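Enquirer: Handing over run10.txt, compact mmCIF, C-alpha atoms.
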# COMPACT_ATOMS: atom_id res chain seq x y z
CA MET A 1 0.70 -14.29 64.19
CA SER A 2 -2.70 -14.69 65.81
CA ARG A 3 -4.06 -18.00 66.89
CA ASN A 4 -6.64 -17.75 64.09
CA CYS A 5 -3.85 -17.57 61.49
CA ARG A 6 -2.27 -20.73 62.87
CA ARG A 7 -5.54 -22.68 62.57
CA GLY A 8 -7.32 -24.01 59.55
CA SER A 9 -5.35 -26.34 57.31
CA ALA A 10 -8.16 -26.08 54.73
CA SER A 11 -7.42 -22.39 54.27
CA LYS A 12 -3.75 -23.18 53.70
CA ARG A 13 -4.61 -25.78 51.06
CA ARG A 14 -6.92 -23.54 49.08
CA PRO A 15 -4.17 -21.48 47.36
CA VAL A 16 -2.69 -24.77 46.14
CA TYR A 17 -6.07 -25.87 44.77
CA ALA A 18 -6.49 -22.44 43.20
CA ALA A 19 -3.11 -22.64 41.46
CA GLY A 20 -3.93 -26.13 40.22
CA ILE A 21 -7.24 -25.21 38.64
CA ALA A 22 -5.71 -22.01 37.20
CA ALA A 23 -3.01 -24.14 35.55
CA ALA A 24 -5.70 -26.47 34.20
CA PHE A 25 -7.58 -23.51 32.73
CA ALA A 26 -4.40 -22.27 31.05
CA GLY A 27 -3.73 -25.74 29.66
CA PHE A 28 -7.20 -26.09 28.15
CA ARG A 29 -6.88 -22.61 26.64
CA ARG A 30 -3.63 -23.61 24.94
CA PHE A 31 -5.08 -26.93 23.79
CA THR A 32 -7.94 -25.17 22.03
CA GLY A 33 -5.63 -22.65 20.35
CA HIS A 34 -6.15 -19.68 22.69
CA ARG A 35 -3.58 -17.74 24.66
CA PRO A 36 -3.69 -18.38 28.42
CA ARG A 37 -5.04 -15.42 30.36
CA TRP A 38 -2.18 -15.32 32.81
CA PRO A 39 -2.49 -11.67 33.93
CA ALA A 40 -6.20 -11.94 34.77
CA THR A 41 -5.79 -15.39 36.33
CA GLY A 42 -2.78 -14.25 38.35
CA ILE A 43 -4.65 -11.22 39.68
CA ALA A 44 -7.57 -13.48 40.64
CA ILE A 45 -5.24 -15.82 42.57
CA VAL A 46 -3.61 -12.89 44.39
CA LEU A 47 -7.03 -11.50 45.32
CA LEU A 48 -8.18 -14.92 46.52
CA VAL A 49 -5.11 -15.30 48.74
CA ALA A 50 -5.53 -11.77 50.09
CA VAL A 51 -9.25 -12.21 50.79
CA THR A 52 -8.64 -15.60 52.42
CA ALA A 53 -5.93 -14.10 54.63
CA VAL A 54 -8.15 -11.20 55.67
CA PHE A 55 -11.08 -13.46 56.52
CA HIS A 56 -8.80 -15.88 58.33
CA CYS A 57 -6.37 -13.71 60.27
CA ARG A 58 -8.22 -10.44 60.81
CA TYR A 59 -11.90 -11.30 60.55
CA ASP A 60 -12.22 -15.03 61.11
CA SER A 61 -15.12 -16.07 58.87
CA SER A 62 -15.08 -19.55 57.36
CA ALA A 63 -18.30 -18.70 55.51
CA LEU A 64 -16.75 -15.75 53.65
CA ARG A 65 -13.61 -17.76 52.92
CA ALA A 66 -15.77 -20.47 51.40
CA VAL A 67 -17.69 -17.90 49.33
CA ALA A 68 -14.45 -16.41 47.97
CA PHE A 69 -13.00 -19.79 47.06
CA GLY A 70 -16.31 -20.96 45.59
CA LEU A 71 -16.47 -17.92 43.32
CA PHE A 72 -12.89 -18.50 42.16
CA GLU A 73 -13.07 -22.25 41.56
CA GLY A 74 -16.60 -22.13 40.19
CA GLY A 75 -15.75 -19.27 37.85
CA LEU A 76 -12.67 -21.01 36.44
CA SER A 77 -14.56 -24.29 36.09
CA LEU A 78 -17.26 -22.51 34.10
CA ALA A 79 -14.55 -20.84 31.98
CA ILE A 80 -13.04 -24.27 31.21
CA ALA A 81 -16.44 -25.61 30.17
CA LEU A 82 -17.14 -22.63 27.90
CA THR A 83 -13.64 -22.84 26.36
CA LEU A 84 -14.18 -26.47 25.38
CA VAL A 85 -17.78 -25.97 24.22
CA HIS A 86 -16.66 -23.28 21.78
CA ALA A 87 -13.73 -25.36 20.51
CA ARG A 88 -13.91 -27.33 17.26
CA LYS A 89 -14.47 -31.01 18.06
CA SER A 90 -13.50 -33.93 15.84
CA SER A 91 -15.57 -37.09 16.06
CA ARG A 92 -12.67 -38.89 17.74
CA LEU A 93 -12.46 -36.30 20.53
CA ARG A 94 -16.15 -35.65 21.08
CA ALA A 95 -16.57 -38.10 23.98
CA SER A 96 -13.53 -36.65 25.77
CA TYR A 97 -14.80 -33.10 25.27
CA ILE A 98 -18.19 -34.05 26.69
CA ALA A 99 -16.62 -35.77 29.72
CA VAL A 100 -14.42 -32.77 30.60
CA VAL A 101 -17.21 -30.25 30.02
CA ALA A 102 -19.55 -32.31 32.23
CA LEU A 103 -16.89 -32.45 34.96
CA ALA A 104 -16.26 -28.70 34.78
CA LEU A 105 -19.98 -27.91 34.90
CA ALA A 106 -20.46 -30.29 37.84
CA THR A 107 -17.64 -28.45 39.65
CA THR A 108 -19.31 -25.13 38.86
CA LEU A 109 -22.59 -26.38 40.36
CA GLY A 110 -20.73 -27.84 43.34
CA ASN A 111 -19.18 -24.46 44.08
CA ALA A 112 -22.53 -22.73 43.69
CA LEU A 113 -23.80 -25.15 46.34
CA ARG A 114 -20.72 -24.38 48.47
CA ILE A 115 -21.57 -20.67 48.35
CA GLY A 116 -25.19 -21.34 49.26
CA VAL A 117 -24.22 -23.54 52.20
CA ALA A 118 -21.65 -20.98 53.39
CA LEU A 119 -24.18 -18.16 53.34
CA ALA A 120 -26.69 -20.33 55.17
CA ALA A 121 -24.03 -21.24 57.74
CA ALA A 122 -23.70 -17.56 58.62
CA ARG A 123 -27.21 -17.81 60.08
CA MET A 124 -27.22 -21.34 61.49
CA PRO A 125 -24.66 -24.15 61.81
CA GLN A 126 -24.54 -26.66 58.93
CA PRO A 127 -23.76 -30.39 59.14
CA GLU A 128 -20.07 -31.35 58.84
CA MET A 129 -21.11 -33.60 55.92
CA TRP A 130 -21.20 -30.55 53.64
CA GLN A 131 -17.67 -29.47 54.49
CA ALA A 132 -16.38 -33.02 54.02
CA SER A 133 -18.05 -33.20 50.59
CA PHE A 134 -16.47 -29.92 49.49
CA ARG A 135 -13.04 -31.04 50.70
CA VAL A 136 -13.36 -34.22 48.62
CA MET A 137 -14.39 -32.16 45.58
CA ASP A 138 -11.39 -29.84 46.01
CA ALA A 139 -9.02 -32.78 46.35
CA PHE A 140 -10.21 -34.57 43.21
CA ILE A 141 -11.18 -31.82 40.77
CA VAL A 142 -7.66 -30.96 39.53
CA PRO A 143 -6.52 -34.63 39.09
CA LEU A 144 -9.76 -35.38 37.22
CA LEU A 145 -9.32 -32.35 34.97
CA MET A 146 -5.75 -33.46 34.26
CA LEU A 147 -7.05 -36.92 33.38
CA GLY A 148 -9.49 -35.29 30.97
CA ALA A 149 -6.64 -33.28 29.46
CA VAL A 150 -4.64 -36.48 28.93
CA MET A 151 -7.65 -38.04 27.16
CA LEU A 152 -7.93 -35.03 24.84
CA VAL A 153 -4.21 -34.94 24.05
CA HIS A 154 -4.13 -38.70 23.44
CA GLY A 155 -7.12 -38.47 21.13
CA ARG A 156 -5.53 -35.64 19.17
CA MET A 157 -2.28 -37.59 18.81
CA LEU A 158 -4.18 -40.60 17.48
CA ALA A 159 -6.07 -38.38 15.03
CA GLN A 160 -2.81 -36.82 13.82
CA SER A 161 -1.21 -40.25 13.40
CA GLU A 162 -4.24 -41.49 11.50
CA HIS A 163 -4.17 -38.42 9.27
CA ALA A 164 -0.46 -38.93 8.55
CA ALA A 165 -1.08 -42.58 7.66
CA ASN A 166 -4.08 -41.91 5.42
CA ARG A 167 -2.98 -38.71 3.67
CA ASP A 168 -0.32 -38.07 1.07
CA PHE A 169 2.52 -36.15 2.73
CA LEU A 170 2.92 -33.65 -0.14
CA THR A 171 -0.55 -32.90 -1.46
CA GLY A 172 -2.85 -33.78 1.45
CA ALA A 173 -4.96 -36.04 -0.81
CA TRP A 174 -5.90 -39.52 0.41
CA SER A 175 -3.00 -41.96 0.28
CA ARG A 176 -2.76 -45.05 -1.92
CA GLY A 177 -3.52 -47.43 0.94
CA ALA A 178 -6.52 -45.43 2.17
CA PHE A 179 -7.84 -45.21 -1.42
CA PHE A 180 -7.74 -48.95 -2.02
CA GLU A 181 -9.46 -49.54 1.32
CA SER A 182 -12.21 -47.16 0.17
CA VAL A 183 -12.48 -48.98 -3.16
CA GLU A 184 -12.95 -52.32 -1.43
CA ARG A 185 -15.49 -50.88 1.01
CA GLU A 186 -17.51 -49.20 -1.76
CA LEU A 187 -17.38 -52.34 -3.90
CA SER A 188 -19.03 -54.30 -1.10
CA ARG A 189 -21.63 -51.60 -0.56
CA ALA A 190 -22.41 -51.35 -4.28
CA ARG A 191 -22.92 -55.11 -4.54
CA ARG A 192 -25.32 -55.08 -1.57
CA SER A 193 -27.32 -52.07 -2.73
CA GLY A 194 -27.14 -52.61 -6.48
CA HIS A 195 -25.93 -49.03 -6.99
CA ALA A 196 -23.46 -48.10 -9.72
CA LEU A 197 -19.82 -47.38 -8.94
CA SER A 198 -17.16 -45.87 -11.19
CA LEU A 199 -13.43 -45.32 -10.99
CA LEU A 200 -11.23 -42.71 -12.67
CA LEU A 201 -7.48 -42.95 -13.08
CA ILE A 202 -5.74 -39.64 -13.83
CA ASP A 203 -2.20 -39.12 -15.09
CA VAL A 204 -0.44 -35.77 -15.54
CA ASP A 205 0.70 -35.55 -19.16
CA HIS A 206 4.43 -35.34 -19.90
CA PHE A 207 5.31 -35.06 -16.22
CA LYS A 208 8.98 -35.85 -16.87
CA ARG A 209 9.11 -32.91 -19.27
CA ILE A 210 7.61 -30.67 -16.57
CA HIS A 211 10.39 -31.77 -14.22
CA ASP A 212 13.00 -31.08 -16.88
CA ASP A 213 11.60 -27.63 -17.72
CA TYR A 214 10.55 -26.39 -14.28
CA GLY A 215 12.57 -28.48 -11.86
CA HIS A 216 11.49 -30.49 -8.85
CA ALA A 217 9.65 -27.52 -7.31
CA GLY A 218 7.64 -27.07 -10.50
CA GLY A 219 6.60 -30.72 -10.43
CA GLU A 220 5.46 -30.45 -6.82
CA GLN A 221 3.52 -27.30 -7.68
CA VAL A 222 1.65 -29.19 -10.41
CA LEU A 223 0.77 -32.09 -8.08
CA MET A 224 -0.57 -29.76 -5.39
CA ASP A 225 -2.52 -27.76 -7.99
CA VAL A 226 -4.12 -30.96 -9.32
CA VAL A 227 -5.38 -31.80 -5.83
CA LEU A 228 -6.67 -28.29 -5.18
CA ARG A 229 -8.56 -28.07 -8.47
CA ALA A 230 -9.86 -31.63 -8.38
CA GLU A 231 -11.24 -31.45 -4.85
CA GLY A 232 -13.07 -28.25 -5.82
CA ALA A 233 -14.68 -30.01 -8.79
CA LEU A 234 -15.75 -33.25 -7.07
CA ARG A 235 -18.64 -34.14 -4.78
CA HIS A 236 -18.13 -34.59 -1.05
CA ILE A 237 -18.88 -38.34 -1.37
CA ASP A 238 -16.18 -38.86 -4.01
CA VAL A 239 -12.78 -40.16 -2.89
CA PHE A 240 -9.75 -38.48 -4.47
CA ALA A 241 -6.25 -39.88 -3.85
CA ARG A 242 -2.70 -39.71 -5.06
CA ILE A 243 -1.85 -43.32 -5.80
CA GLY A 244 1.70 -42.94 -7.06
CA GLY A 245 3.99 -40.34 -8.62
CA GLU A 246 1.89 -38.19 -10.96
CA GLU A 247 -1.06 -40.63 -10.95
CA PHE A 248 -4.31 -40.00 -9.09
CA GLY A 249 -7.48 -41.99 -8.54
CA VAL A 250 -11.09 -40.92 -8.07
CA LEU A 251 -13.81 -43.21 -6.73
CA LEU A 252 -17.33 -42.14 -7.74
CA PRO A 253 -20.02 -43.87 -5.66
CA GLU A 254 -23.52 -44.19 -7.17
CA THR A 255 -22.26 -43.08 -10.59
CA ASP A 256 -22.91 -45.00 -13.83
CA ARG A 257 -20.60 -44.98 -16.86
CA TYR A 258 -22.28 -42.03 -18.59
CA ALA A 259 -22.28 -39.84 -15.51
CA ALA A 260 -18.71 -40.93 -14.77
CA HIS A 261 -17.55 -39.97 -18.28
CA ALA A 262 -19.24 -36.57 -17.94
CA ALA A 263 -17.64 -36.04 -14.50
CA ALA A 264 -14.24 -37.03 -15.90
CA GLU A 265 -14.58 -34.57 -18.77
CA ARG A 266 -15.46 -31.74 -16.38
CA LEU A 267 -12.46 -32.69 -14.29
CA ARG A 268 -10.18 -32.76 -17.34
CA VAL A 269 -11.29 -29.28 -18.37
CA SER A 270 -10.70 -27.91 -14.86
CA LEU A 271 -7.21 -29.45 -14.90
CA ASP A 272 -6.25 -28.08 -18.32
CA THR A 273 -4.11 -25.08 -17.41
CA LYS A 274 -2.31 -24.67 -20.73
CA PRO A 275 -3.14 -21.37 -22.47
CA ALA A 276 -5.17 -21.75 -25.66
CA ALA A 277 -3.39 -21.19 -28.96
CA GLY A 278 -3.05 -17.51 -29.79
CA THR A 279 -3.64 -16.34 -26.20
CA ALA A 280 -1.19 -14.80 -23.77
CA ARG A 281 1.39 -16.99 -22.09
CA GLU A 282 0.63 -18.49 -18.70
CA ALA A 283 0.83 -16.35 -15.61
CA LYS A 284 4.31 -15.77 -14.25
CA GLY A 285 5.33 -18.59 -11.95
CA ALA A 286 2.49 -20.90 -13.07
CA VAL A 287 3.35 -24.32 -14.51
CA PRO A 288 0.95 -25.32 -17.33
CA TYR A 289 -0.18 -28.93 -17.54
CA THR A 290 -2.92 -31.22 -18.80
CA VAL A 291 -4.15 -34.64 -17.71
CA SER A 292 -5.41 -37.84 -19.29
CA ILE A 293 -8.21 -39.80 -17.63
CA GLY A 294 -9.35 -43.41 -17.88
CA VAL A 295 -12.86 -44.39 -16.76
CA ALA A 296 -14.19 -47.79 -15.65
CA THR A 297 -17.54 -48.75 -14.16
CA LEU A 298 -18.27 -51.67 -11.86
CA ARG A 299 -19.56 -54.86 -13.42
CA HIS A 300 -21.41 -57.50 -11.46
CA ALA A 301 -18.53 -59.99 -11.11
CA ASP A 302 -15.77 -57.41 -10.67
CA ALA A 303 -13.12 -57.62 -8.00
CA GLN A 304 -11.08 -54.55 -7.16
CA VAL A 305 -8.27 -55.66 -9.44
CA ASP A 306 -10.68 -55.98 -12.41
CA LEU A 307 -12.01 -52.45 -11.99
CA LEU A 308 -8.51 -51.03 -11.65
CA ARG A 309 -7.22 -52.99 -14.65
CA ARG A 310 -9.95 -51.68 -16.95
CA ALA A 311 -9.51 -48.09 -15.77
CA ASP A 312 -5.77 -48.41 -16.31
CA ALA A 313 -6.30 -49.78 -19.82
CA ALA A 314 -8.59 -46.84 -20.63
CA LEU A 315 -5.97 -44.41 -19.27
CA TYR A 316 -3.29 -46.04 -21.43
CA THR A 317 -5.51 -45.57 -24.49
CA ALA A 318 -6.08 -41.90 -23.63
CA LYS A 319 -2.33 -41.33 -23.48
CA ALA A 320 -1.66 -43.34 -26.61
CA ILE A 321 -4.09 -41.38 -28.81
CA GLY A 322 -2.83 -37.94 -27.92
CA ARG A 323 -3.29 -37.20 -24.18
CA ASN A 324 -5.41 -34.43 -22.60
CA ARG A 325 -8.55 -36.48 -23.08
CA VAL A 326 -10.99 -38.86 -21.38
CA VAL A 327 -11.41 -42.47 -22.50
CA SER A 328 -13.98 -44.85 -21.04
CA GLU A 329 -13.41 -48.59 -20.90
CA ALA A 330 -14.31 -50.64 -23.97
CA ASP A 331 -17.50 -52.69 -23.79
For the file at hand, write its structure as structure tokens.

Expert:
Amino acid sequence: MSRNCRRGSASKRRPVYAAGIAAAFAGFRRFTGHRPRWPATGIAIVLLVAVTAVFHCRYDSSALRAVAFGLFEGGLSLAIALTLVHARKSSRLRASYIAVVALALATTLGNALRIGVALAAARMPQPEMWQASFRVMDAFIVPLLMLGAVMLVHGRMLAQSEHAANRDFLTGAWSRGAFFESVERELSRARRSGHALSLLLIDVDHFKRIHDDYGHAGGEQVLMDVVLRAEGALRHIDVFARIGGEEFGVLLPETDRYAAHAAAERLRVSLDTKPAAGTAREAKGAVPYTVSIGVATLRHADAQVDLLRRADAALYTAKAIGRNRVVSEAD
């Protein structure tokens, strides 16, 4: 081995840095739902090691070694930034995405500067300050990227936990607890703004009979179908939740009693899957069902319990007089 090959601890550290940033790139690819590009990344690492060895042992050129490493690290840093920019970002993760993208872009610019300094050094010596700065960047870039990855994973875990707590495990609708929190929040907002607010309570008719005729799987199919149809018929500002068994609730912000009754009737029609008399039987595998709906609208002195009680009374009336109908609260 030549004396040149025995010198230069920085050259020996660069393959380690290269492997670290390659692993970070693969991790961010997996996090965003993409397959890691191991073959291409592996070839790039092998080429980097080979080029570094050639320009260290055979043609000793620190400038060309710096250019090769700058192209590798800068290219992967840019790839990390582009991977995260194109990824879907939830509001909870946006700050973490921005921080990691900014770090990756700063590393890309730092390596562009490294290449420029290395090419300039081929013509005239450059201050040692530049080399020290690049060594510091190499030492910290992978740990900082890993810290960013931890922030992203932690944020996703919190979002998944929040989703599990606020969503019904079977249907994906809002849960009972999340619904009542929304009711209380919208009650306060309606009182401040003076806007109307209405509440619907929905019950699947003869649900026990559905269970008896179609089994547990048939009952679950009905509940999931209710959610799918209802969410397609409601506005994006409405809150739809499963609040217990076969009972669902809908909160209608800025909706008076007449508009709420009309919305409930449209919803009832969309949830009436029983074939009309004289028509063909339901599609094979489908479970026919209807719903009853009670409607209540906020009054000035209402608490949450008052609004819910009146909607529940209207729902009871709808079921008592024949089901598959909408009843609004009595004046």

Enquirer: I'd like to know which of A:Gly245, A:Gly218, A:Gly33, A:Gly27 is closest to A:Val142, using only C-alpha atoms.

Expert: A:Gly27

Enquirer: Find, counting only C-alpha atoms, the residue in A:His34, A:Ala165, A:Ala18, A:Gly294 that gets nearest to A:Val49.

Expert: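 The answer is A:Ala18, which sits nearest to A:Val49.
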
Enquirer: Under the rule that all atoms listed in the file are counted, which of A:Leu271, A:Cys57, A:Leu201, A:Val250 is the nearest residue to A:Asp312?

Expert: A:Leu201

Enquirer: Compile the contact shell of A:Leu228 as a short mmCIF file (atom, residue, chain, number, x, y, z; two decimals) with C-alpha atoms, in the frame of the given file: residues with an atom at most 10 Å away, counting all atoms listed in the file, same-chain residues fewer than 3 positions apart removed.

Expert:
data_model
loop_
_atom_site.label_atom_id
_atom_site.label_comp_id
_atom_site.auth_asym_id
_atom_site.auth_seq_id
_atom_site.Cartn_x
_atom_site.Cartn_y
_atom_site.Cartn_z
CA THR A 171 -0.55 -32.90 -1.46
CA GLY A 172 -2.85 -33.78 1.45
CA ALA A 173 -4.96 -36.04 -0.81
CA VAL A 222 1.65 -29.19 -10.41
CA LEU A 223 0.77 -32.09 -8.08
CA MET A 224 -0.57 -29.76 -5.39
CA ASP A 225 -2.52 -27.76 -7.99
CA GLU A 231 -11.24 -31.45 -4.85
CA GLY A 232 -13.07 -28.25 -5.82
CA ALA A 233 -14.68 -30.01 -8.79
CA LEU A 271 -7.21 -29.45 -14.90
#

Enquirer: Please report the interatomic distance between atom CA of A:Ala102 and atom CA of A:Leu144 in Å with one decimal.

Expert: 11.4 Å

Enquirer: What is the distance, in Å and to one decimal place, between atom CA of A:Leu158 and atom CA of A:Thr32?

Expert: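 Interatomic distance here is 16.5 Å.
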
Enquirer: Would you please work out which residue, of A:Pro288, A:Gly75, A:Gly116, A:Gly70, is nearest to A:Ile210 when using only C-alpha atoms?

Expert: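 Smallest separation from A:Ile210 among the options: A:Pro288.
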
Enquirer: Set the distance at 12 Å and use only C-alpha atoms: which residues neighbour A:Glu128 once local chain neighbours fewer than 6 positions away are removed? I'd like the list as a count of residues only.

Expert: 5

Enquirer: Quick one: everything within 8 Å of A:Ser96, counting all atoms listed in the file, minus sequence neighbours fewer than 2 positions away in the same chain. Send it as a compact mmCIF listing (two decimals) with C-alpha atoms, in the frame of the given file.

Expert:
# COMPACT_ATOMS: atom_id res chain seq x y z
CA LEU A 93 -12.46 -36.30 20.53
CA ARG A 94 -16.15 -35.65 21.08
CA ILE A 98 -18.19 -34.05 26.69
CA ALA A 99 -16.62 -35.77 29.72
CA VAL A 100 -14.42 -32.77 30.60
CA GLY A 148 -9.49 -35.29 30.97
CA MET A 151 -7.65 -38.04 27.16
CA LEU A 152 -7.93 -35.03 24.84

Enquirer: Return the single residue from A:Gly177, A:Asp256, A:Glu220, A:Asp272 that is closest to A:Ala241, with distances computed using all atoms listed in the file.

Expert: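 Nearest to A:Ala241: A:Gly177.
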
Enquirer: Name all residues at most 12 Å from A:His154 (count all atoms listed in the file; drop same-chain ones fewer than 5 positions away) and give them as a ChimeraX atom specification.

Expert: /A:31,92-93,96,147-149,159-161

Enquirer: Which residues are close to A:Asp203, i.e. within 6 Å by all atoms listed in the file, leaving aside same-chain residues fewer than 2 positions away? Reply as a list in words.

Expert: Glu246, Glu247, Val291 and Ser292 of chain A

Enquirer: Would you kindly identify which residues have an atom no farther than 7 Å from (-25.6, -46.0, -8.0), using all atoms listed in the file and the file's own coordinates, and write them out as a PyMOL selection string?

Expert: chain A and resi 194-197+253-256

Enquirer: Using C-alpha atoms, can you export the residues from the last selection as a tab-separated table (two decimals), in the coordinates of the input?

Expert:
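Output contents, as saved in selection22.tsv:
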chain	number	residue	atom	x	y	z
A	194	GLY	CA	-27.14	-52.61	-6.48
A	195	HIS	CA	-25.93	-49.03	-6.99
A	196	ALA	CA	-23.46	-48.10	-9.72
A	197	LEU	CA	-19.82	-47.38	-8.94
A	253	PRO	CA	-20.02	-43.87	-5.66
A	254	GLU	CA	-23.52	-44.19	-7.17
A	255	THR	CA	-22.26	-43.08	-10.59
A	256	ASP	CA	-22.91	-45.00	-13.83

Enquirer: Using all atoms listed in the file, can you tell me which of A:Ser77, A:Val16, A:Ala190, A:Leu252 comes closest to A:Leu48?

Expert: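 Closest to A:Leu48, using all atoms listed in the file: A:Val16.
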
Enquirer: Figure out the distance between atom CA of A:Phe169 and atom CA of A:Ala217, please, to one decimal in Å.

Expert: 15.0 Å
